[in-house]
$ cat start_23.txt   # compact mmCIF, C-alpha atoms
# COMPACT_ATOMS: atom_id res chain seq x y z
CA MET I 1 -20.10 13.35 -24.27
CA SER I 2 -18.80 11.53 -21.22
CA LYS I 3 -17.00 8.24 -21.75
CA ARG I 4 -18.48 6.65 -18.69
CA LYS I 5 -20.19 7.70 -15.50
CA GLN I 6 -19.17 6.39 -12.10
CA ASP I 7 -21.15 7.12 -8.95
CA LYS I 8 -19.60 7.05 -5.51
CA GLU I 9 -22.01 6.74 -2.62
CA GLY I 10 -21.51 7.00 1.11
CA ASP I 11 -23.62 5.76 4.03
CA SER I 12 -24.89 8.33 6.51
CA ASP I 13 -25.08 7.42 10.20
CA SER I 14 -27.72 8.71 12.59
CA ASP I 15 -25.14 9.45 15.33
CA SER I 16 -24.43 13.15 15.70
CA ASP I 17 -20.64 12.62 15.64
CA SER I 18 -20.67 10.51 12.51
CA VAL I 19 -19.23 11.60 9.19
CA SER I 20 -21.68 12.57 6.47
CA PHE I 21 -21.11 11.38 2.92
CA VAL I 22 -22.17 13.05 -0.28
CA ASP I 23 -23.02 11.20 -3.48
CA VAL I 24 -20.83 12.38 -6.36
CA SER I 25 -21.00 11.40 -10.02
CA PHE I 26 -17.68 11.23 -11.84
CA ASP I 27 -17.80 11.72 -15.58
CA PHE I 28 -14.94 10.55 -17.78
CA PHE I 29 -14.05 12.71 -20.79
CA ASP I 30 -11.44 12.93 -23.51
CA PRO I 31 -8.98 15.80 -22.89
CA ASN I 32 -10.58 18.92 -24.34
CA PRO I 33 -8.22 21.54 -25.87
CA LYS I 34 -10.90 24.25 -25.62
CA ILE I 35 -11.56 23.82 -21.91
CA ASP I 36 -8.95 21.80 -20.03
CA TYR I 37 -5.67 23.65 -20.63
CA HIS I 38 -5.35 25.54 -17.34
CA ALA I 39 -6.61 22.69 -15.14
CA ILE I 40 -4.27 20.16 -16.77
CA LYS I 41 -1.33 22.53 -16.37
CA ARG I 42 -2.19 22.87 -12.67
CA LEU I 43 -2.29 19.08 -12.29
CA LEU I 44 1.13 18.81 -13.95
CA THR I 45 2.47 21.49 -11.61
CA GLN I 46 1.17 19.43 -8.70
CA LEU I 47 2.72 16.25 -10.13
CA PHE I 48 6.21 17.70 -10.56
CA ASN I 49 5.87 19.64 -7.32
CA ARG I 50 8.85 21.84 -6.39
CA ASP I 51 10.69 20.98 -9.62
CA ALA I 52 7.78 22.00 -11.85
CA GLU I 53 9.50 25.24 -12.91
CA ARG I 54 12.29 23.21 -14.53
CA PHE I 55 9.92 22.19 -17.30
CA ASP I 56 7.88 23.97 -19.92
CA LEU I 57 4.56 22.75 -18.61
CA ALA I 58 2.66 25.00 -21.00
CA SER I 59 4.06 23.16 -24.02
CA LEU I 60 3.69 19.81 -22.24
CA THR I 61 0.00 20.61 -21.67
CA ASP I 62 -0.37 21.50 -25.35
CA LEU I 63 1.24 18.19 -26.28
CA ILE I 64 -1.21 16.27 -24.09
CA LEU I 65 -4.13 18.15 -25.63
CA SER I 66 -2.84 17.47 -29.14
CA GLN I 67 -3.78 13.79 -28.73
CA PRO I 68 -7.32 14.02 -27.26
CA THR I 69 -8.33 10.50 -28.28
CA VAL I 70 -5.70 8.94 -25.99
CA GLY I 71 -6.16 9.89 -22.36
CA THR I 72 -8.93 10.66 -19.90
CA THR I 73 -10.00 13.45 -17.58
CA ILE I 74 -12.52 13.22 -14.76
CA LYS I 75 -15.07 15.94 -14.08
CA THR I 76 -18.03 16.28 -11.74
CA ASP I 77 -19.92 19.22 -13.24
CA GLY I 78 -20.15 18.37 -16.92
CA LEU I 79 -18.05 18.95 -20.00
CA GLU I 80 -17.57 22.68 -19.41
CA SER I 81 -16.09 22.20 -15.92
CA ASP I 82 -12.44 21.77 -14.93
CA PRO I 83 -11.04 18.24 -14.74
CA TYR I 84 -10.12 16.92 -11.30
CA ALA I 85 -7.94 14.09 -12.63
CA LEU I 86 -5.85 13.24 -15.68
CA LEU I 87 -4.35 10.09 -17.16
CA THR I 88 -2.48 10.01 -20.46
CA VAL I 89 0.58 8.50 -22.14
CA LEU I 90 3.10 10.23 -24.42
CA ASN I 91 5.56 8.54 -26.78
CA MET I 92 8.98 9.72 -25.62
CA HIS I 93 10.60 8.56 -28.90
CA VAL I 94 8.18 10.23 -31.27
CA HIS I 95 8.39 13.44 -29.21
CA GLN I 96 12.06 13.23 -28.22
CA ALA I 97 12.80 16.60 -29.86
CA HIS I 98 9.93 18.29 -28.03
CA PRO I 99 11.44 20.70 -25.45
CA ALA I 100 9.33 19.41 -22.57
CA ILE I 101 10.00 15.73 -23.33
CA ALA I 102 13.71 16.38 -23.84
CA ALA I 103 13.88 18.19 -20.47
CA LEU I 104 12.01 15.37 -18.75
CA ALA I 105 14.31 12.73 -20.24
CA GLU I 106 17.35 14.64 -18.99
CA TYR I 107 15.70 14.98 -15.57
CA PHE I 108 14.96 11.26 -15.36
CA PHE I 109 18.58 10.48 -16.30
CA GLU I 110 19.78 12.82 -13.57
CA LYS I 111 17.53 11.39 -10.86
CA SER I 112 18.07 7.73 -11.79
CA ALA I 113 21.86 8.23 -11.85
CA GLN I 114 21.68 9.55 -8.28
CA ALA I 115 19.31 6.88 -6.97
CA ASP I 116 19.98 3.68 -8.96
CA PRO I 117 22.78 3.37 -11.53
CA ALA I 118 21.25 0.15 -12.92
CA PHE I 119 17.99 1.98 -13.61
CA ASN I 120 19.97 4.79 -15.22
CA THR I 121 21.76 2.35 -17.52
CA THR I 122 18.45 0.77 -18.50
CA LEU I 123 16.88 4.14 -19.30
CA ALA I 124 19.86 5.10 -21.44
CA ALA I 125 19.55 1.90 -23.44
CA LEU I 126 15.80 2.33 -23.88
CA PHE I 127 15.92 5.98 -24.91
CA ARG I 128 18.70 5.37 -27.43
CA GLY I 129 17.46 2.02 -28.72
CA GLN I 130 16.25 1.60 -32.27
CA ASP I 131 13.68 -1.06 -31.37
CA THR I 132 12.34 0.42 -28.13
CA GLN I 133 9.44 2.80 -27.55
CA VAL I 134 8.95 4.30 -24.09
CA GLY I 135 5.53 5.61 -23.13
CA LEU I 136 5.52 8.30 -20.43
CA VAL I 137 2.47 7.75 -18.24
CA LEU I 138 1.22 10.92 -16.53
CA CYS I 139 -1.48 10.43 -13.91
CA GLU I 140 -2.47 13.04 -11.36
CA ARG I 141 -5.59 14.04 -9.47
CA LEU I 142 -6.79 16.34 -6.74
CA VAL I 143 -6.08 15.02 -3.28
CA ASN I 144 -9.72 14.28 -2.41
CA MET I 145 -10.35 12.13 -5.50
CA PRO I 146 -10.94 8.50 -4.46
CA VAL I 147 -8.54 5.86 -5.74
CA GLN I 148 -11.52 3.90 -7.11
CA THR I 149 -11.70 6.38 -9.99
CA VAL I 150 -8.25 5.30 -11.20
CA PRO I 151 -8.87 1.75 -12.56
CA PRO I 152 -11.56 2.90 -15.04
CA MET I 153 -9.12 5.47 -16.45
CA TYR I 154 -6.47 2.80 -16.93
CA ARG I 155 -8.96 0.46 -18.62
CA MET I 156 -9.97 3.26 -20.99
CA LEU I 157 -6.35 4.07 -21.74
CA SER I 158 -5.68 0.42 -22.53
CA ASP I 159 -8.58 0.38 -25.00
CA GLU I 160 -7.57 3.70 -26.55
CA VAL I 161 -4.02 2.53 -27.16
CA LYS I 162 -5.36 -0.60 -28.89
CA TRP I 163 -7.64 1.51 -31.09
CA ALA I 164 -4.79 3.89 -31.91
CA LEU I 165 -2.58 0.95 -32.89
CA ALA I 166 -5.34 -0.34 -35.15
CA ASP I 167 -5.19 3.06 -36.89
CA SER I 168 -1.38 2.75 -37.22
CA GLU I 169 -0.71 5.49 -34.68
CA PRO I 170 2.61 5.42 -32.74
CA TYR I 171 1.64 3.73 -29.49
CA ALA I 172 3.47 0.40 -29.86
CA PHE I 173 5.29 0.76 -26.55
CA THR I 174 7.91 -1.68 -25.36
CA HIS I 175 8.10 -0.03 -21.94
CA LEU I 176 6.06 2.37 -19.82
CA LEU I 177 7.60 4.96 -17.52
CA PHE I 178 5.36 6.14 -14.68
CA VAL I 179 6.13 9.42 -12.93
CA SER I 180 4.47 9.96 -9.56
CA ARG I 181 5.11 11.22 -6.06
CA ALA I 182 6.10 9.77 -2.71
CA TYR I 183 6.63 11.17 0.78
CA HIS I 184 9.07 10.54 3.61
CA LEU I 185 8.20 10.25 7.28
CA SER I 186 10.73 10.15 10.10
CA LEU I 187 9.92 7.95 13.09
CA ASP I 188 8.98 11.05 15.08
CA GLU I 189 6.68 12.30 12.31
CA GLU I 190 5.04 8.91 12.00
CA GLU I 191 4.41 8.82 15.74
CA ALA I 192 2.99 12.34 15.65
CA LEU I 193 0.62 11.37 12.83
CA ALA I 194 -0.50 8.27 14.71
CA ASN I 195 -1.26 10.37 17.79
CA ARG I 196 -3.32 12.82 15.70
CA ALA I 197 -5.48 10.08 14.16
CA PRO I 198 -9.00 9.90 15.68
CA ALA I 199 -9.92 6.80 17.61
CA GLY I 200 -11.60 4.23 15.41
CA LYS I 201 -15.34 3.67 15.65
CA SER I 202 -17.00 0.46 14.67
CA SER I 203 -19.48 0.75 11.85
CA LYS I 204 -23.11 -0.16 12.41
CA LYS I 205 -23.33 -1.39 8.84
CA ALA I 206 -20.95 -4.17 7.94
CA LYS I 207 -19.93 -3.98 4.31
CA LYS I 208 -18.99 -6.93 2.15
CA GLN I 209 -15.41 -6.91 0.91
CA LYS I 210 -15.08 -7.36 -2.85
CA GLY I 211 -12.07 -8.55 -4.79
CA SER I 212 -8.49 -8.35 -3.60
CA GLN I 213 -7.73 -6.08 -0.70
CA PRO I 214 -5.59 -2.98 -1.22
CA PRO I 215 -2.01 -3.66 -0.14
CA THR I 216 -1.23 -2.07 3.20
CA GLN I 217 2.19 -0.50 3.35
CA THR I 218 4.15 -1.33 6.48
CA ARG I 219 6.85 1.16 7.39
CA PRO I 220 9.61 0.92 4.77
CA ASP I 221 13.21 0.88 5.96
CA ASP I 222 13.76 4.27 4.34
CA GLY I 223 10.46 5.72 5.59
CA ILE I 224 9.29 6.55 2.04
CA TYR I 225 5.61 5.89 1.30
CA PHE I 226 3.48 5.90 -1.83
CA PHE I 227 1.60 9.16 -2.30
CA HIS I 228 -1.02 7.45 -4.48
CA PRO I 229 -2.23 4.01 -3.32
CA GLU I 230 -2.26 2.55 -6.85
CA ASP I 231 1.52 3.01 -7.03
CA ALA I 232 1.77 -0.17 -4.95
CA CYS I 233 0.24 -2.09 -7.88
CA ILE I 234 2.52 -0.36 -10.36
CA GLN I 235 5.60 -1.17 -8.32
CA GLU I 236 4.57 -4.84 -8.16
CA HIS I 237 4.84 -4.97 -11.95
CA ALA I 238 7.88 -2.72 -12.31
CA THR I 239 11.38 -3.81 -13.22
CA HIS I 240 12.83 -0.63 -11.68
CA ALA I 241 11.44 1.89 -9.20
CA ILE I 242 13.05 4.83 -7.41
CA SER I 243 12.06 7.70 -5.17
CA TYR I 244 14.16 10.85 -5.25
CA PRO I 245 14.33 14.25 -3.55
CA PHE I 246 13.36 17.24 -5.64
CA SER I 247 16.17 19.51 -6.77
CA THR I 248 14.41 22.65 -5.56
CA SER I 249 14.64 23.13 -1.79
CA PRO I 250 11.39 23.31 0.16
CA GLU I 251 10.17 26.52 1.72
CA PRO I 252 11.50 26.90 5.28
CA ARG I 253 8.99 26.20 8.04
CA GLU I 254 8.86 26.45 11.80
CA ALA I 255 10.46 23.59 13.72
CA ASP I 256 7.18 22.67 15.41
CA SER I 257 5.06 22.82 12.24
CA PHE I 258 4.15 19.70 10.29
CA GLY I 259 4.50 19.24 6.55
CA LEU I 260 5.06 16.26 4.32
CA ASP I 261 8.51 15.72 2.84
CA VAL I 262 7.24 15.09 -0.70
CA ARG I 263 9.54 13.43 -3.22
CA GLY I 264 9.40 12.29 -6.82
CA ARG I 265 8.84 8.70 -7.89
CA LEU I 266 9.70 6.91 -11.13
CA MET I 267 8.71 3.35 -12.10
CA LEU I 268 9.49 1.37 -15.26
CA VAL I 269 7.14 -1.39 -16.43
CA ASP I 270 7.67 -3.71 -19.39
CA ALA I 271 4.74 -3.31 -21.80
CA SER I 272 4.16 -7.06 -21.67
CA ARG I 273 2.95 -6.57 -18.06
CA TRP I 274 0.59 -3.69 -18.85
CA GLU I 275 -2.60 -5.76 -19.12
CA ALA I 276 -1.82 -7.60 -15.88
CA LEU I 277 -1.22 -4.26 -14.15
CA VAL I 278 -4.53 -2.83 -15.36
CA ALA I 279 -6.37 -6.00 -14.32
CA LYS I 280 -4.78 -5.95 -10.84
CA MET I 281 -5.83 -2.35 -10.27
CA GLY I 282 -9.39 -3.28 -11.19
CA GLU I 283 -9.35 -6.14 -8.66
CA VAL I 284 -7.86 -4.19 -5.80
CA TYR I 285 -9.53 -0.78 -6.00
CA VAL I 286 -13.24 -1.48 -6.41

$ encode --input "start_23.txt" --output "structure tokens"
Amino acid sequence: MSKRKQDKEGDSDSDSDSVSFVDVSFDFFDPNPKIDYHAIKRLLTQLFNRDAERFDLASLTDLILSQPTVGTTIKTDGLESDPYALLTVLNMHVHQAHPAIAALAEYFFEKSAQADPAFNTTLAALFRGQDTQVGLVLCERLVNMPVQTVPPMYRMLSDEVKWALADSEPYAFTHLLFVSRAYHLSLDEEEALANRAPAGKSSKKAKKQKGSQPPTQTRPDDGIYFFHPEDACIQEHATHAISYPFSTSPEPREADSFGLDVRGRLMLVDASRWEALVAKMGEVYV
């Protein structure tokens, strides 16, 4: 059974050079151990990018599937199809002895120490604290999935955590650690991208704007951009946020070829700001 159905519709224009849109229904499901293993593992490989081989993603996938009532996948072809997106949260204290979680904790220590010593100190205190519980939020999707599918997943996760707490399950988080991706553009690369962009064309059908507008990211001083738009909302609510280069070197490419310099991203949010974060996503990405 799907949790909820969300339809995305596009307008078609009569002009021959216009873009055609296809209506797609997105179904939201609990993670399914019988069906979703390989697709979830692929999404995790995408999330951790070049450093994916540092982790036992097979056991991490099994851990995610061991708690199917907390977390959501999105599919377009019914229950038996592969998920195109995943959102879940894992208790890093409860599972601290799990090989995959232990490796990730060590990795986060390593990257935070290189990028932000204050963040590193905070993580050390949280992971070793007796009264702290860190939830690791894993959210990834295929590149063509619209950001509007993300807020419903977060709302569902919020409800599922509340229901799990009512059943005395270990989801009483004090902090949430979000792992994501970013990318770096040099000034030359940014100019090249701008020159490749097609000239804008005014729409014949004016659409009403609803809710808050998605934050537009002006060029950061370091040239590092959010890979997923919703990370802007997460960073707004974060006490610490870093981007870091992957440890594994990228494949060499020709000097005149273009490819994104993808990096990792880590953001820490106090659990007291979780509901505000979820609400903001729902306002911005509608």

$ closest_residue --input "start_23.txt" --among "I:Thr239, I:Thr61, I:Thr149, I:Asn120" --to "Ala85 of chain I" --atoms "all atoms listed in the file"
I:Thr149

$ closest_residue --input "start_23.txt" --among "I:Tyr171, I:Tyr154, I:Phe108, I:Trp163" --to "His95 of chain I" --atoms "only C-alpha atoms"
I:Tyr171

$ residues_near_point --input "start_23.txt" --point "(-6.3, 22.0, -19.6)" --cutoff "10 Å" --atoms "only C-alpha atoms" --output "list of chain:residue names"
I:Pro31, I:Asn32, I:Pro33, I:Lys34, I:Ile35, I:Asp36, I:Tyr37, I:His38, I:Ala39, I:Ile40, I:Lys41, I:Arg42, I:Leu43, I:Leu44, I:Ala58, I:Thr61, I:Asp62, I:Ile64, I:Leu65, I:Thr73, I:Asp82, I:Pro83, I:Leu86

$ closest_residue --input "start_23.txt" --among "I:Val70, I:Leu142, I:Val161, I:Ala271" --to "His228 of chain I" --atoms "all atoms listed in the file"
I:Leu142

$ closest_residue --input "start_23.txt" --among "I:Leu63, I:Val94, I:Met153, I:Leu177" --to "Lys5 of chain I" --atoms "only C-alpha atoms"
I:Met153

$ residues_around --input "start_23.txt" --residues "Phe178 of chain I" --least-positions-apart "4" --cutoff "7 Å" --atoms "all atoms listed in the file" --output "PDB file with C-alpha atoms, in the coordinates of the input"
ATOM      1  CA  LEU I 136       5.520   8.300 -20.430  1.00  0.00           C
ATOM      2  CA  VAL I 137       2.470   7.750 -18.240  1.00  0.00           C
ATOM      3  CA  LEU I 138       1.220  10.920 -16.530  1.00  0.00           C
ATOM      4  CA  LEU I 266       9.700   6.910 -11.130  1.00  0.00           C
ATOM      5  CA  MET I 267       8.710   3.350 -12.100  1.00  0.00           C
ATOM      6  CA  LEU I 268       9.490   1.370 -15.260  1.00  0.00           C
TER       7      LEU I 268
END

$ closest_residue --input "start_23.txt" --among "I:Gln67, I:Asn144, I:Ile242, I:Leu47" --to "Pro117 of chain I" --atoms "all atoms listed in the file"
I:Ile242

$ atom_distance --input "start_23.txt" --atom1 "atom CA of Ala164 of chain I" --atom2 "atom CA of Thr45 of chain I"
27.8 Å

$ residues_near_point --input "start_23.txt" --point "(-1.0, -0.4, -10.9)" --cutoff "10 Å" --atoms "only C-alpha atoms" --output "mmCIF file with C-alpha atoms, in the frame of the given file"
data_model
loop_
_atom_site.group_PDB
_atom_site.id
_atom_site.type_symbol
_atom_site.label_atom_id
_atom_site.label_comp_id
_atom_site.auth_asym_id
_atom_site.auth_seq_id
_atom_site.Cartn_x
_atom_site.Cartn_y
_atom_site.Cartn_z
ATOM 1 C CA VAL I 150 -8.250 5.300 -11.200
ATOM 2 C CA PRO I 151 -8.870 1.750 -12.560
ATOM 3 C CA TYR I 154 -6.470 2.800 -16.930
ATOM 4 C CA PHE I 178 5.360 6.140 -14.680
ATOM 5 C CA PRO I 229 -2.230 4.010 -3.320
ATOM 6 C CA GLU I 230 -2.260 2.550 -6.850
ATOM 7 C CA ASP I 231 1.520 3.010 -7.030
ATOM 8 C CA ALA I 232 1.770 -0.170 -4.950
ATOM 9 C CA CYS I 233 0.240 -2.090 -7.880
ATOM 10 C CA ILE I 234 2.520 -0.360 -10.360
ATOM 11 C CA GLN I 235 5.600 -1.170 -8.320
ATOM 12 C CA GLU I 236 4.570 -4.840 -8.160
ATOM 13 C CA HIS I 237 4.840 -4.970 -11.950
ATOM 14 C CA ALA I 238 7.880 -2.720 -12.310
ATOM 15 C CA VAL I 269 7.140 -1.390 -16.430
ATOM 16 C CA TRP I 274 0.590 -3.690 -18.850
ATOM 17 C CA GLU I 275 -2.600 -5.760 -19.120
ATOM 18 C CA ALA I 276 -1.820 -7.600 -15.880
ATOM 19 C CA LEU I 277 -1.220 -4.260 -14.150
ATOM 20 C CA VAL I 278 -4.530 -2.830 -15.360
ATOM 21 C CA ALA I 279 -6.370 -6.000 -14.320
ATOM 22 C CA LYS I 280 -4.780 -5.950 -10.840
ATOM 23 C CA MET I 281 -5.830 -2.350 -10.270
ATOM 24 C CA GLY I 282 -9.390 -3.280 -11.190
ATOM 25 C CA VAL I 284 -7.860 -4.190 -5.800
ATOM 26 C CA TYR I 285 -9.530 -0.780 -6.000
#

$ atom_distance --input "start_23.txt" --atom1 "atom CA of Phe28 of chain I" --atom2 "atom CA of Lys75 of chain I"
6.5 Å

$ closest_residue --input "start_23.txt" --among "I:Cys139, I:Ala125, I:Ala118, I:Ile101" --to "Ala241 of chain I" --atoms "all atoms listed in the file"
I:Ala118

$ atom_distance --input "start_23.txt" --atom1 "atom CA of Arg54 of chain I" --atom2 "atom CA of Val143 of chain I"
23.0 Å

$ residues_around --input "start_23.txt" --residues "Pro245 of chain I" --least-positions-apart "3" --cutoff "8 Å" --atoms "only C-alpha atoms" --output "PyMOL selection string"
chain I and resi 262-264
